[in-house]
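Heads up, the thing below is written out as structure tokens.
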Amino acid sequence: MERKVLTLLVLLCFSLLSVFSASYEFGDSGVSFTWAPIDPLFKESRAYPFANNVAFRYMIAPEDTDYLPTDILVADGPDGGYKELAFRDPDASNNTYWNLKTAVNAGLFRFAWDNYLKAEMYLHGGLNTVFGAYGGVDVLGFDGFYGAGASLSIFDIVTLRFGFHHFSGHWGDEALNDFYARTESKEYSGLTEYTRNNSWLLDISIKPVKYFRILAEIEIPQHVGWIRPAAHVPADTIKNTSEESPDYGLPLSGYIYSQEGIEGRNNDSYPDSYKALRIGIGAEGEILIPTVGLAYIALDMQFHQDGKINLETLEYEEDRPWDFEYTVALGLSLEAQENLPECTIELSYHEGRFPLLNYFFQKSRYFSAGILLTL
């Protein structure tokens, strides 16, 4: 808890410092130093649901109960896998939601040599939540995410980013109250959450022409990390000593399984090729509209290797496909004053995992309309 509070305080401090961004030139060498640059060197995919920006969206799903988040994932121990238990009756009229996200992608300091080379340290993080828009405002849950690292731009064409990334899901109180009211049981006191803490993150953005770019991203959990659910943990992952983990050197999967109520189970049978990877691929095209702003179309695709795990049998299945999801977005970024956040009106369509981490097992389709602010 203290680390999370400290992280949020650091994010707030650098958000305030960005208001006082300052740049220093070193003679005529073309070399400059910028403290707290307003515009981050690496810009994330506009269509990625967990991009570090501020967003307020209205979401509407098809009137089909197969695509509504009405279940919670629990471990069906001691010998079974996972199963879905309802916290709310599926109801096609409950197919609208609000999505609220607040986040910052802040450069800490930047060194630049004209437009040849630019190097920057960055810090990003935020909170994401989804709640009902169908007469009630039940909060389904909260996601927290943060990271830090370094970015490098070459000729303003190729930009690389490397660092660490953490994100984790937390159940909403209303969902928990509904769940326990329905089950009337203490059997499932520990619900399964979705967590990636911590992962290495490597991104590349290539912008061959001014108004078009492609992006790729790969995320791989660190050898010493914290992953949930336990079925997603690679065989060789361990967790260092803390108040809620085993002694250093023990397999992480076995420990989390015991927390989740499954006994005598670990992931030693998983092949070395399974690393719980996440891969993202995206593309964006832009059109400048004079005196108005910038119109764009963006595509983001996500591939999750943990989709190869069968949550019912707890087995890795070689022929099972990776989980795939995609988002298409159309937006208009309004012309703004220099050193102010970019304000965008956006329409999008998403198909894949529900955009709240603990509901990763429930497939979704939805259209959304919203307003975004991007630093």
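Ordering of the structure tokens sets the chain letters (A, B, ...); residue numbers start at 1 within each chain; ligands are numbered from 1 in the order shown.
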
12 Å contact set for A:Thr96, only C-alpha atoms, chain neighbours under 2 positions out, as number ranges by chain:
A: 57-65, 67-69, 91-94, 98-99, 130-138, 365-369

Deliver the residues from the most recent selection as a file, using C-alpha atoms, as a tab-separated table (two decimals), in the first residue's frame.
```tsv
chain	number	residue	atom	x	y	z
A	57	ARG	CA	-16.40	6.96	-22.49
A	58	TYR	CA	-19.95	5.74	-22.88
A	59	MET	CA	-19.95	2.06	-23.84
A	60	ILE	CA	-22.78	0.06	-25.35
A	61	ALA	CA	-22.65	-3.68	-25.99
A	62	PRO	CA	-24.96	-5.68	-28.30
A	63	GLU	CA	-28.11	-6.90	-26.63
A	64	ASP	CA	-26.60	-10.34	-26.25
A	65	THR	CA	-25.87	-11.66	-22.77
A	67	TYR	CA	-20.91	-10.27	-24.08
A	68	LEU	CA	-21.82	-8.80	-20.68
A	69	PRO	CA	-19.54	-9.02	-17.60
A	91	ASP	CA	-29.83	-9.04	-18.63
A	92	ALA	CA	-29.59	-7.66	-22.14
A	93	SER	CA	-31.01	-4.35	-20.93
A	94	ASN	CA	-27.92	-3.91	-18.74
A	98	TRP	CA	-19.34	4.28	-18.33
A	99	ASN	CA	-15.56	3.93	-18.57
A	130	VAL	CA	-16.02	0.71	-15.47
A	131	PHE	CA	-19.43	1.24	-13.88
A	132	GLY	CA	-23.03	0.72	-14.94
A	133	ALA	CA	-25.00	3.20	-17.04
A	134	TYR	CA	-28.35	1.39	-16.88
A	135	GLY	CA	-30.10	3.11	-13.99
A	136	GLY	CA	-27.57	2.06	-11.38
A	137	VAL	CA	-23.95	3.06	-11.06
A	138	ASP	CA	-22.44	-0.13	-9.67
A	365	ARG	CA	-18.01	-6.47	-28.04
A	366	TYR	CA	-18.93	-2.84	-27.65
A	367	PHE	CA	-19.08	0.55	-29.29
A	368	SER	CA	-17.97	3.61	-27.36
A	369	ALA	CA	-18.01	7.38	-27.64
```

Applying 6 Å and only C-alpha atoms, which residues near A:Ala150 remain after dropping the ones on its own chain fewer than 3 positions away? List them as a list in words.
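Here the qualifying residues turn out to be Glu120, Met121, Tyr122, Arg161 and Phe162 of chain A.
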
Just write the chosen residues, N, CA and C atoms, as a tab-separated table (two decimals), in the first residue's frame.
```
chain	number	residue	atom	x	y	z
A	120	GLU	N	15.07	10.26	-23.47
A	120	GLU	CA	14.20	10.76	-22.41
A	120	GLU	C	13.94	9.68	-21.38
A	121	MET	N	13.90	10.07	-20.13
A	121	MET	CA	13.41	9.21	-19.06
A	121	MET	C	11.92	9.51	-18.88
A	122	TYR	N	11.12	8.48	-18.65
A	122	TYR	CA	9.68	8.70	-18.54
A	122	TYR	C	9.11	7.99	-17.32
A	161	ARG	N	11.15	2.49	-26.86
A	161	ARG	CA	10.88	2.68	-25.43
A	161	ARG	C	11.16	1.37	-24.70
A	162	PHE	N	11.86	1.47	-23.60
A	162	PHE	CA	12.15	0.28	-22.79
A	162	PHE	C	11.98	0.63	-21.32
```

Contacts of A:Phe42 within 10 Å, only C-alpha atoms, excl. fewer than 4 positions in-chain, as a CSV table (one decimal) with C-alpha atoms, in the first residue's frame:
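Final file, around-v6.csv:
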```csv
chain,number,residue,atom,x,y,z
A,105,ASN,CA,2.5,9.7,-19.5
A,106,ALA,CA,5.2,12.2,-18.4
A,107,GLY,CA,8.7,12.8,-19.5
A,120,GLU,CA,14.2,10.8,-22.4
A,122,TYR,CA,9.7,8.7,-18.5
A,150,ALA,CA,13.7,5.4,-21.1
A,151,SER,CA,12.8,6.4,-24.7
A,152,LEU,CA,15.0,7.1,-27.7
A,153,SER,CA,14.0,8.8,-30.9
A,158,VAL,CA,11.9,5.6,-35.2
A,159,THR,CA,11.2,5.8,-31.5
A,160,LEU,CA,12.1,3.1,-29.0
A,161,ARG,CA,10.9,2.7,-25.4
A,203,ASP,CA,8.0,-0.7,-27.8
A,204,ILE,CA,8.9,0.6,-31.2
A,205,SER,CA,7.1,3.3,-33.2
```

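The nearest approach to A:Phe179 among the residues A:Tyr326, A:Phe87, A:Phe361, A:Trp35, with only C-alpha atoms taken into account, belongs to A:Phe87.
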
Need the shell around A:Ala103: protein/DNA/RNA residues with any atom at most 7 Å away, counting only C-alpha atoms. Skip same-chain ones fewer than 3 positions apart. Format as number ranges by chain?
A: 52-54, 125-127

Please return as a PyMOL selection string: the residues of stretch 231-340 of chain A that backbone DSSP assigns to helix (DSSP H, G or I).
chain A and resi 231-232+252-260+305-308

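When DSSP reads the backbone of this structure, the residues of stretch 253-283 of chain A it assigns to strand (DSSP E or B) are Arg278, Ile279, Gly280, Ile281, Gly282 and Ala283 of chain A.
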
Output for the residues just chosen: C-alpha atoms as a PDB file, in the first residue's frame:
```pdb
ATOM      1  CA  ARG A 278       1.603  -9.891 -24.354  1.00  0.00           C
ATOM      2  CA  ILE A 279       2.195  -8.523 -27.859  1.00  0.00           C
ATOM      3  CA  GLY A 280       0.588  -5.389 -29.260  1.00  0.00           C
ATOM      4  CA  ILE A 281       0.553  -4.185 -32.881  1.00  0.00           C
ATOM      5  CA  GLY A 282      -0.986  -0.940 -34.084  1.00  0.00           C
ATOM      6  CA  ALA A 283      -1.249   1.554 -36.926  1.00  0.00           C
TER       7      ALA A 283
END
```

Can you tell me which residues surround A:Arg320 at a distance of at most 9 Å, considering only C-alpha atoms, apart from same-chain residues fewer than 5 positions away, and format the answer as a PyMOL selection string?
chain A and resi 307-310

For the residues in the current selection, export C-alpha atoms as a compact mmCIF listing (two decimals), in the first residue's frame.
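For reference, part_37.txt as written:
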```txt
# COMPACT_ATOMS: atom_id res chain seq x y z
CA GLY A 307 -4.87 -17.67 -23.75
CA LYS A 308 -3.12 -21.00 -24.35
CA ILE A 309 -3.90 -22.02 -20.75
CA ASN A 310 -7.13 -23.98 -20.29
```
